[in-house]
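To be precise, the following lines are input.tsv, and they hold TSV, C-alpha atoms.
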```
chain	number	residue	atom	x	y	z
A	1	MET	CA	-13.97	86.95	-112.46
A	2	SER	CA	-13.42	89.01	-115.60
A	3	ASP	CA	-13.93	92.76	-115.90
A	4	GLY	CA	-16.90	91.96	-118.16
A	5	ALA	CA	-18.80	90.23	-115.37
A	6	HIS	CA	-22.21	91.53	-114.35
A	7	TYR	CA	-21.10	91.58	-110.71
A	8	ARG	CA	-17.52	92.74	-110.25
A	9	PHE	CA	-15.18	93.08	-107.32
A	10	PRO	CA	-16.30	96.24	-105.52
A	11	PRO	CA	-13.48	98.78	-105.87
A	12	SER	CA	-12.42	100.48	-102.66
A	13	GLU	CA	-12.84	103.93	-104.23
A	14	ALA	CA	-16.57	103.16	-104.44
A	15	TYR	CA	-16.80	102.15	-100.78
A	16	ARG	CA	-18.63	105.30	-99.64
A	17	VAL	CA	-21.15	105.08	-102.48
A	18	ASN	CA	-21.77	101.43	-101.72
A	19	ARG	CA	-22.04	102.24	-98.01
A	20	CYS	CA	-24.73	104.80	-98.77
A	21	LEU	CA	-26.63	102.41	-101.05
A	22	TYR	CA	-26.39	99.76	-98.35
A	23	ALA	CA	-27.89	102.19	-95.84
A	24	LEU	CA	-30.73	103.04	-98.23
A	25	LYS	CA	-31.41	99.34	-98.68
A	26	SER	CA	-31.04	98.10	-95.13
A	27	ASP	CA	-31.51	101.04	-92.75
A	28	ARG	CA	-35.13	102.09	-92.87
A	29	ALA	CA	-34.58	105.20	-90.74
A	30	PHE	CA	-31.86	106.38	-93.11
A	31	ALA	CA	-34.06	105.68	-96.15
A	32	GLU	CA	-36.88	107.71	-94.57
A	33	ARG	CA	-34.47	110.60	-93.90
A	34	PHE	CA	-33.30	110.33	-97.52
A	35	LEU	CA	-36.88	110.57	-98.80
A	36	ALA	CA	-37.54	113.58	-96.57
A	37	ASP	CA	-34.35	115.43	-97.50
A	38	ALA	CA	-31.88	113.50	-99.60
A	39	ARG	CA	-29.23	116.20	-99.52
A	40	ALA	CA	-29.28	116.47	-95.72
A	41	ALA	CA	-29.36	112.69	-95.27
A	42	THR	CA	-26.24	112.24	-97.37
A	43	ASP	CA	-24.32	115.11	-95.77
A	44	SER	CA	-22.49	112.79	-93.41
A	45	MET	CA	-21.69	110.08	-95.93
A	46	GLY	CA	-18.44	111.62	-97.19
A	47	LEU	CA	-19.48	111.60	-100.84
A	48	THR	CA	-18.03	113.78	-103.58
A	49	ASP	CA	-20.42	116.17	-105.31
A	50	GLY	CA	-20.52	113.90	-108.35
A	51	GLU	CA	-21.22	110.79	-106.30
A	52	ARG	CA	-23.95	112.57	-104.41
A	53	ALA	CA	-25.60	113.87	-107.58
A	54	ASP	CA	-25.70	110.36	-109.07
A	55	LEU	CA	-27.04	108.99	-105.82
A	56	LEU	CA	-29.79	111.60	-105.53
A	57	HIS	CA	-31.03	110.55	-108.97
A	58	LEU	CA	-30.27	106.86	-108.38
A	59	ASP	CA	-28.63	106.98	-111.80
A	60	ARG	CA	-27.84	103.29	-112.20
A	61	ASP	CA	-25.45	103.52	-115.12
A	62	ALA	CA	-23.47	106.35	-113.55
A	63	LEU	CA	-23.35	104.68	-110.15
A	64	VAL	CA	-22.27	101.32	-111.58
A	65	ALA	CA	-19.62	103.10	-113.65
A	66	ARG	CA	-18.30	104.49	-110.35
A	67	GLY	CA	-18.05	100.96	-108.94
A	68	ALA	CA	-21.39	100.76	-107.17
A	69	HIS	CA	-22.67	97.22	-106.81
A	70	PRO	CA	-25.58	96.77	-109.29
A	71	TYR	CA	-27.63	94.81	-106.79
A	72	LEU	CA	-27.32	97.56	-104.18
A	73	VAL	CA	-28.49	100.15	-106.70
A	74	PHE	CA	-31.43	97.93	-107.62
A	75	MET	CA	-32.56	97.12	-104.10
A	76	ALA	CA	-32.02	100.66	-102.78
A	77	GLY	CA	-34.41	101.79	-105.51
A	78	LEU	CA	-36.96	99.07	-104.69
A	79	ARG	CA	-36.85	99.84	-100.97
A	80	LEU	CA	-37.41	103.54	-101.63
A	81	LYS	CA	-40.32	102.67	-103.91
A	82	MET	CA	-41.80	100.48	-101.16
A	83	LEU	CA	-41.55	103.38	-98.73
A	84	ARG	CA	-42.94	105.94	-101.19
A	85	GLU	CA	-45.81	103.84	-102.53
A	86	PRO	CA	-46.73	101.21	-99.93
A	87	SER	CA	-50.36	101.12	-101.01
A	88	ARG	CA	-49.40	100.16	-104.55
A	89	MET	CA	-48.00	96.83	-103.40
A	90	GLU	CA	-49.80	93.58	-102.70
A	91	TYR	CA	-48.68	91.86	-99.50
A	92	PHE	CA	-48.85	88.08	-99.08
B	1	MET	CA	-30.98	62.24	-90.84
B	2	LEU	CA	-31.84	64.02	-94.03
B	3	VAL	CA	-35.56	63.64	-94.72
B	4	GLY	CA	-36.19	66.19	-97.44
B	5	ALA	CA	-34.46	68.47	-99.94
B	6	PHE	CA	-35.94	71.37	-101.86
B	7	ALA	CA	-34.97	74.42	-103.88
B	8	VAL	CA	-37.29	77.42	-103.62
B	9	ALA	CA	-37.24	80.79	-105.37
B	10	HIS	CA	-36.96	83.78	-103.04
B	11	THR	CA	-37.45	86.89	-105.13
B	12	PRO	CA	-39.04	89.50	-102.82
B	13	GLN	CA	-41.72	90.28	-105.41
B	14	LEU	CA	-43.27	86.95	-104.35
B	15	LEU	CA	-43.81	88.41	-100.87
B	16	ILE	CA	-44.59	92.01	-101.80
B	17	ARG	CA	-45.94	92.29	-105.32
B	18	PRO	CA	-45.47	95.57	-107.16
B	19	GLU	CA	-47.78	96.29	-110.09
B	20	THR	CA	-44.95	95.30	-112.44
B	21	GLU	CA	-45.40	91.63	-111.54
B	22	ASP	CA	-47.90	89.21	-113.10
B	23	ARG	CA	-50.25	88.27	-110.24
B	24	ASP	CA	-51.26	84.91	-111.73
B	25	LEU	CA	-47.61	83.92	-112.09
B	26	VAL	CA	-46.90	84.90	-108.50
B	27	LEU	CA	-49.85	82.79	-107.33
B	28	ARG	CA	-48.65	79.79	-109.34
B	29	VAL	CA	-45.27	80.01	-107.60
B	30	HIS	CA	-47.11	80.30	-104.27
B	31	ALA	CA	-49.04	77.13	-105.12
B	32	ALA	CA	-45.79	75.26	-105.74
B	33	MET	CA	-44.45	76.55	-102.42
B	34	GLN	CA	-47.65	75.34	-100.74
B	35	ARG	CA	-46.80	71.85	-102.04
B	36	VAL	CA	-43.42	72.16	-100.35
B	37	LYS	CA	-45.13	73.18	-97.12
B	38	ALA	CA	-47.45	70.16	-97.33
B	39	ARG	CA	-44.48	67.86	-97.95
B	40	LEU	CA	-42.63	69.37	-94.97
B	41	GLN	CA	-45.70	68.89	-92.78
B	42	ALA	CA	-45.73	65.22	-93.73
B	43	MET	CA	-41.98	64.81	-93.15
B	44	ARG	CA	-42.23	66.12	-89.55
B	45	PRO	CA	-38.74	67.64	-89.58
B	46	ASP	CA	-37.10	68.64	-86.30
B	47	ALA	CA	-35.18	71.37	-88.13
B	48	ILE	CA	-34.82	73.03	-91.50
B	49	ALA	CA	-31.31	73.77	-92.72
B	50	ILE	CA	-31.58	76.51	-95.32
B	51	VAL	CA	-28.75	77.46	-97.67
B	52	ALA	CA	-29.09	81.01	-98.99
B	53	GLY	CA	-26.96	83.80	-100.38
B	54	ASP	CA	-27.05	86.92	-98.25
B	55	HIS	CA	-27.98	89.93	-100.41
B	56	VAL	CA	-25.41	92.24	-98.82
B	57	GLU	CA	-27.64	92.46	-95.73
B	58	ALA	CA	-25.83	90.70	-92.89
B	59	PHE	CA	-22.45	90.91	-94.57
B	60	PHE	CA	-21.47	94.24	-96.11
B	61	LEU	CA	-17.94	95.12	-97.18
B	62	ASP	CA	-16.71	95.19	-93.60
B	63	GLY	CA	-16.57	91.40	-93.71
B	64	VAL	CA	-17.37	89.09	-96.61
B	65	PRO	CA	-17.42	85.41	-95.68
B	66	ALA	CA	-17.55	82.76	-98.40
B	67	LEU	CA	-19.49	80.37	-96.17
B	68	ALA	CA	-21.15	81.11	-92.85
B	69	VAL	CA	-23.37	79.47	-90.24
B	70	TYR	CA	-25.81	81.24	-87.92
B	71	VAL	CA	-25.36	79.65	-84.49
B	72	GLY	CA	-27.29	81.88	-82.08
B	73	ARG	CA	-30.57	81.06	-80.38
B	74	GLU	CA	-32.66	83.05	-82.81
B	75	CYS	CA	-32.31	85.34	-85.78
B	76	THR	CA	-34.32	88.30	-86.97
B	77	GLY	CA	-34.92	90.14	-90.19
B	78	SER	CA	-37.38	92.60	-91.68
B	79	PHE	CA	-38.64	93.56	-95.09
B	80	GLY	CA	-41.22	96.32	-95.52
B	81	PRO	CA	-43.95	95.67	-92.94
B	82	TYR	CA	-42.78	92.10	-92.27
B	83	ARG	CA	-40.85	91.27	-89.11
B	84	TYR	CA	-39.34	87.84	-88.67
B	85	ARG	CA	-37.99	86.19	-85.54
B	86	LEU	CA	-36.98	82.61	-86.14
B	87	ASP	CA	-35.59	80.07	-83.68
B	88	ILE	CA	-32.27	78.51	-84.58
B	89	HIS	CA	-31.68	74.83	-83.82
B	90	GLU	CA	-28.58	75.65	-81.81
B	91	PRO	CA	-27.21	72.12	-81.20
B	92	LEU	CA	-27.49	71.34	-84.91
B	93	ALA	CA	-26.01	74.69	-85.94
B	94	ARG	CA	-23.06	74.14	-83.60
B	95	ALA	CA	-22.54	70.65	-84.93
B	96	VAL	CA	-22.48	71.97	-88.50
B	97	VAL	CA	-19.92	74.68	-87.75
B	98	GLU	CA	-17.73	72.50	-85.50
B	99	GLN	CA	-17.73	69.46	-87.75
B	100	GLY	CA	-17.50	71.56	-90.89
B	101	ILE	CA	-14.34	73.24	-89.61
B	102	GLU	CA	-12.99	69.90	-88.41
B	103	ARG	CA	-13.43	68.58	-91.95
B	104	GLY	CA	-11.55	71.44	-93.58
B	105	PHE	CA	-14.12	74.16	-94.31
B	106	ASP	CA	-13.13	77.47	-92.76
B	107	LEU	CA	-16.63	78.60	-91.86
B	108	LEU	CA	-17.49	81.97	-90.39
B	109	TYR	CA	-20.09	81.76	-87.67
B	110	THR	CA	-22.29	84.46	-86.28
B	111	GLN	CA	-24.54	84.75	-83.24
B	112	ASP	CA	-25.87	88.15	-84.18
B	113	ALA	CA	-26.12	88.71	-87.93
B	114	SER	CA	-29.46	89.86	-89.30
B	115	LEU	CA	-31.35	87.53	-91.56
B	116	ASP	CA	-31.64	88.31	-95.25
B	117	TYR	CA	-34.85	87.88	-97.24
B	118	ALA	CA	-33.21	85.00	-99.10
B	119	PHE	CA	-33.86	83.04	-95.91
B	120	TYR	CA	-37.25	84.24	-94.82
B	121	VAL	CA	-39.12	84.65	-98.12
B	122	PRO	CA	-39.09	80.89	-98.75
B	123	LEU	CA	-39.76	80.17	-95.07
B	124	HIS	CA	-42.69	82.64	-95.08
B	125	PHE	CA	-44.43	80.29	-97.51
B	126	VAL	CA	-43.13	76.80	-96.70
B	127	MET	CA	-42.59	76.74	-92.92
B	128	PRO	CA	-44.64	73.85	-91.49
B	129	GLU	CA	-47.07	74.46	-88.61
B	130	PRO	CA	-46.09	74.55	-85.83
B	131	ALA	CA	-42.86	76.16	-86.92
B	132	VAL	CA	-39.60	74.29	-86.51
B	133	PRO	CA	-36.18	75.79	-85.75
B	134	ILE	CA	-33.82	76.50	-88.60
B	135	VAL	CA	-30.11	76.51	-89.34
B	136	PRO	CA	-29.29	79.38	-91.72
B	137	LEU	CA	-26.29	78.61	-93.92
B	138	HIS	CA	-24.87	81.47	-95.96
B	139	VAL	CA	-23.04	81.10	-99.27
B	140	ASN	CA	-21.60	84.28	-100.76
B	141	VAL	CA	-23.17	84.81	-104.17
B	142	TYR	CA	-23.21	88.58	-104.71
B	143	LEU	CA	-19.80	89.89	-103.65
B	144	PRO	CA	-16.92	88.69	-105.86
B	145	PRO	CA	-14.85	86.69	-105.50
B	146	GLN	CA	-17.47	84.09	-104.63
B	147	PRO	CA	-16.69	80.47	-103.76
B	148	THR	CA	-16.37	78.28	-106.83
B	149	PRO	CA	-19.19	75.88	-107.75
B	150	ALA	CA	-16.76	73.02	-107.05
B	151	ARG	CA	-16.14	74.35	-103.55
B	152	CYS	CA	-19.86	74.81	-102.92
B	153	HIS	CA	-20.47	71.24	-104.06
B	154	ALA	CA	-17.70	69.91	-101.83
B	155	TRP	CA	-19.17	71.81	-98.88
B	156	GLY	CA	-22.55	70.33	-99.73
B	157	VAL	CA	-21.12	66.81	-99.71
B	158	THR	CA	-19.68	67.40	-96.24
B	159	LEU	CA	-22.84	69.15	-95.06
B	160	GLY	CA	-24.89	66.16	-96.21
B	161	GLU	CA	-22.64	63.78	-94.29
B	162	ILE	CA	-22.98	65.90	-91.15
B	163	LEU	CA	-26.77	66.14	-91.43
B	164	ARG	CA	-27.24	62.42	-92.18
B	165	ALA	CA	-25.25	61.47	-89.09
B	166	ARG	CA	-27.45	63.57	-86.79
B	167	PRO	CA	-30.35	62.14	-84.79
B	168	GLU	CA	-32.73	64.93	-85.84
B	169	ARG	CA	-35.01	64.72	-88.85
B	170	ILE	CA	-33.66	67.49	-91.05
B	171	ALA	CA	-35.02	69.07	-94.22
B	172	LEU	CA	-32.59	70.94	-96.43
B	173	ILE	CA	-33.68	73.91	-98.55
B	174	ALA	CA	-31.65	75.79	-101.14
B	175	SER	CA	-32.96	79.31	-101.59
B	176	GLY	CA	-32.76	81.35	-104.77
B	177	GLY	CA	-32.35	81.14	-108.51
B	178	MET	CA	-32.85	80.73	-111.27
B	179	SER	CA	-31.68	83.14	-113.97
B	180	HIS	CA	-31.94	86.85	-113.14
B	181	PHE	CA	-29.67	89.88	-113.35
B	182	PRO	CA	-30.84	92.39	-110.72
B	183	GLY	CA	-29.47	95.88	-111.16
B	184	THR	CA	-27.81	95.22	-114.51
B	185	ASP	CA	-28.74	96.06	-118.09
B	186	ARG	CA	-29.69	92.39	-118.50
B	187	TYR	CA	-32.49	92.62	-115.93
B	188	SER	CA	-35.27	92.09	-118.47
B	189	SER	CA	-33.51	89.33	-120.41
B	190	PRO	CA	-32.76	86.29	-118.22
B	191	GLU	CA	-31.56	83.02	-119.73
B	192	PHE	CA	-34.69	80.88	-119.48
B	193	ASP	CA	-33.55	78.25	-121.99
B	194	TYR	CA	-30.37	77.78	-119.97
B	195	ASP	CA	-32.49	77.26	-116.84
B	196	ARG	CA	-34.66	74.67	-118.60
B	197	GLY	CA	-31.54	72.78	-119.68
B	198	LEU	CA	-30.28	72.76	-116.09
B	199	LEU	CA	-33.62	71.48	-114.83
B	200	ASP	CA	-33.47	68.62	-117.35
B	201	THR	CA	-30.02	67.76	-116.00
B	202	LEU	CA	-31.41	67.74	-112.46
B	203	ARG	CA	-34.44	65.65	-113.41
B	204	ALA	CA	-32.01	63.06	-114.76
B	205	GLY	CA	-30.19	62.91	-111.42
B	206	ARG	CA	-27.04	64.42	-112.89
B	207	GLY	CA	-26.77	67.31	-110.45
B	208	ARG	CA	-23.13	66.63	-109.72
B	209	GLU	CA	-22.35	67.95	-113.23
B	210	MET	CA	-23.17	71.43	-111.93
B	211	ALA	CA	-20.06	71.28	-109.76
B	212	ARG	CA	-18.08	71.65	-112.99
B	213	LEU	CA	-19.66	74.98	-113.89
B	214	THR	CA	-17.44	78.01	-113.50
B	215	GLY	CA	-18.14	81.25	-111.69
B	216	GLU	CA	-17.88	83.06	-115.03
B	217	GLU	CA	-20.57	80.81	-116.50
B	218	LEU	CA	-22.92	81.41	-113.57
B	219	ASP	CA	-22.43	85.18	-113.85
B	220	LYS	CA	-22.93	85.14	-117.61
B	221	ARG	CA	-26.17	83.14	-117.28
B	222	GLY	CA	-27.66	85.17	-114.42
B	223	ASN	CA	-27.28	82.21	-112.13
B	224	ILE	CA	-24.84	83.32	-109.45
B	225	GLU	CA	-27.37	82.19	-106.83
B	226	LEU	CA	-27.18	78.61	-108.06
B	227	ARG	CA	-24.27	78.23	-105.67
B	228	THR	CA	-26.94	77.49	-103.04
B	229	TRP	CA	-28.46	74.78	-105.24
B	230	ILE	CA	-25.02	73.34	-106.00
B	231	THR	CA	-24.34	73.16	-102.26
B	232	LEU	CA	-27.57	71.22	-101.83
B	233	LEU	CA	-26.69	68.99	-104.78
B	234	GLY	CA	-23.54	67.96	-102.98
B	235	ALA	CA	-25.75	66.79	-100.11
B	236	VAL	CA	-28.39	64.96	-102.16
B	237	GLY	CA	-26.01	63.10	-104.49
B	238	ASP	CA	-27.64	61.55	-107.54
B	239	ALA	CA	-31.24	61.98	-106.44
B	240	ARG	CA	-33.56	62.92	-109.30
B	241	ALA	CA	-35.29	66.28	-109.11
B	242	ASP	CA	-39.06	66.62	-109.15
B	243	VAL	CA	-39.67	70.08	-110.64
B	244	TYR	CA	-42.83	71.50	-109.07
B	245	CYS	CA	-42.76	74.61	-111.22
B	246	TYR	CA	-40.66	76.74	-113.50
B	247	GLU	CA	-42.27	80.14	-113.99
B	248	PRO	CA	-40.32	82.68	-116.03
B	249	SER	CA	-41.38	86.24	-115.29
B	250	TRP	CA	-40.17	89.23	-117.27
B	251	HIS	CA	-37.02	89.30	-115.12
B	252	HIS	CA	-36.67	86.03	-113.21
B	253	GLY	CA	-36.79	82.27	-113.65
B	254	ASN	CA	-38.80	81.11	-110.62
B	255	ALA	CA	-38.35	77.44	-109.81
B	256	VAL	CA	-39.55	75.18	-107.01
B	257	VAL	CA	-37.98	71.73	-106.90
B	258	GLU	CA	-37.88	68.67	-104.64
B	259	TRP	CA	-35.26	65.94	-104.46
B	260	PRO	CA	-37.10	63.07	-102.73
B	261	MET	CA	-35.02	61.50	-99.95
B	262	SER	CA	-35.38	57.92	-98.81
B	263	GLY	CA	-35.91	59.02	-95.21
B	264	GLY	CA	-38.74	61.39	-96.15
```
Target format structure tokens, applied to this file:
Amino acid sequence: MSDGAHYRFPPSEAYRVNRCLYALKSDRAFAERFLADARAATDSMGLTDGERADLLHLDRDALVARGAHPYLVFMAGLRLKMLREPSRMEYF
Amino acid sequence: MLVGAFAVAHTPQLLIRPETEDRDLVLRVHAAMQRVKARLQAMRPDAIAIVAGDHVEAFFLDGVPALAVYVGRECTGSFGPYRYRLDIHEPLARAVVEQGIERGFDLLYTQDASLDYAFYVPLHFVMPEPAVPIVPLHVNVYLPPQPTPARCHAWGVTLGEILRARPERIALIASGGMSHFPGTDRYSSPEFDYDRGLLDTLRAGRGREMARLTGEELDKRGNIELRTWITLLGAVGDARADVYCYEPSWHHGNAVVEWPMSGG
């Protein structure tokens, strides 16, 4: 797959960022801790200051530029939105 | 025996609709999925084999299988307030993994992986009543390098042979598609015309042509998830597709399709 692909091989230097996005997406307890105190929740994730700042803002472009998987950024954001605004969703 | 074959969209906004999504469009997709459910009721399957691409849920970067089979007794998953616990047809799942490996496909199997919404969103809407056990079949679509379309098709051919030789009545579902680019700057500009061209190809019974697509092409067209469809196409051969719906939203080409099988 070329470097111009929408979904690229996840670089190992982005592993911790992707691990944190994965936790936001798939670990509800972690996502709730993140919403309560994002800085405290990410303390144990081993992120650099820059990575953490991008993560706290869920800055897609910056995170993807760091090697974050675009889908993980997207779904972490949607899961947080579902937790923040459950009454604004319609459930089938 | 293979009694039915379907492709069903699985975008989670069909299950939990944010205000960004057109409600009427969502309901039209639901109506198409209700047709699938009615067809499955009539087919009386003993099991549903469902091919889906895990969205980095069961398989994170600590282990990325190209192809996998869930072989435990049951599998669970959750999304928002929804909790799913689905029985696995264990004899069939074991047959798929054992015979698949015997025939040259190095499948990962799991007895404990959590289920991704790519599996349970379609099943939420199409599972017949009473529910039947499933065989979840994972194809890696989101973590490069993914299996090639040719490899997916070849696996589908073998999968179809395995399923047809079984005594159970089996329905096969491919989950996902069509064009969408979640998390990228193309999110609001899927390739709907490309999707419509593919659907014409499938209506004509020329699904095997999709085995010649490249991974680059699928990525470029927002169709990386079509690997699940291409797997199914290997199993259904030259059957002509009956397109129940194609509903393009502002970010996603939602399709529901049946390939009628002679046993169904």
Exercise. Pull out every residue of chain A that has at least one atom within 9 Å of chain B, counting only C-alpha atoms, and report them as a PyMOL selection string.
Key: chain A and resi 1-2+5-10+15+18-19+22+25-26+28+60-61+64+69-75+79+82-83+86+88-92
Exercise. Excluding B:Leu40 and residues on its chain fewer than 2 positions from it, collect all residues at most 9 Å away from it, counting only C-alpha atoms, and give them as number ranges by chain.
Key: B: 4, 35-38, 42-45, 126-128, 171, 264
Exercise. Grab the atom CA of B:Asp87 to atom CA of B:Asp106 distance for me, in Å with one decimal place.
Key: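 Here the two named atoms are 24.4 Å from each other.
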Would you list the contacts of B:Tyr109 as a tab-separated table (two decimals) with C-alpha atoms, in the frame of the given file, taking every protein, DNA or RNA residue within 7 Å and counting only C-alpha atoms, but skipping same-chain residues closer than 3 positions in sequence?
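Wrote it out as part-v4.tsv, contents follow:
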```tsv
chain	number	residue	atom	x	y	z
B	68	ALA	CA	-21.15	81.11	-92.85
B	69	VAL	CA	-23.37	79.47	-90.24
B	70	TYR	CA	-25.81	81.24	-87.92
B	71	VAL	CA	-25.36	79.65	-84.49
```
Practice problem: Identify, on the basis of all atoms listed in the file, every residue whose closest approach to stretch 253-261 of chain B does not exceed 8 Å; exclude the query and any residue fewer than 3 positions from it along the same chain; express the result as number ranges by chain. | Solution: B: 2-9, 29, 32-33, 36, 177-180, 190, 192, 195, 236, 239-249, 264
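Minimum atom-to-atom distances from B:Leu199, B:Leu25, B:Leu92, B:Ile230 to B:Ile134 were compared using only C-alpha atoms, and the lowest value belongs to B:Leu92.
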Self-check item: atom CA of A:Cys20 to atom CA of A:Glu85, distance in Å rounded to a single decimal
Solution: 21.4 Å
Exercise. To one decimal in Å, tell me the separation between atom CA of A:His57 and atom CA of A:Asp37.
Key: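 That distance, rounded to one decimal, is 12.9 Å.
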Quiz item: What lies within 12 Å of A:Ala29 using only C-alpha atoms, ignoring chain neighbours under 4 positions off, as a PyMOL selection string?
Solution: chain A and resi 23-25+33-36+41+79-80+83
Exercise. Choose the residue, out of A:Ala40, A:Gly67, A:Gly50, A:Leu56, that has the smallest atom-to-atom separation from A:Asp3; count only C-alpha atoms.
Key: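 Ranked by minimum distance to A:Asp3, first place goes to A:Gly67.
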Quiz item: Looking at all atoms listed in the file, which of A:Gly4, A:Val17, A:Ser12, A:Ala31 is the one that sits closest to A:Asp54?
Solution: A:Val17
Quiz prompt | Top pick for closest residue to B:Ile48, considering B:Met210, B:Val121, B:Ile88, B:Leu226 and counting all atoms listed in the file | solution = B:Ile88
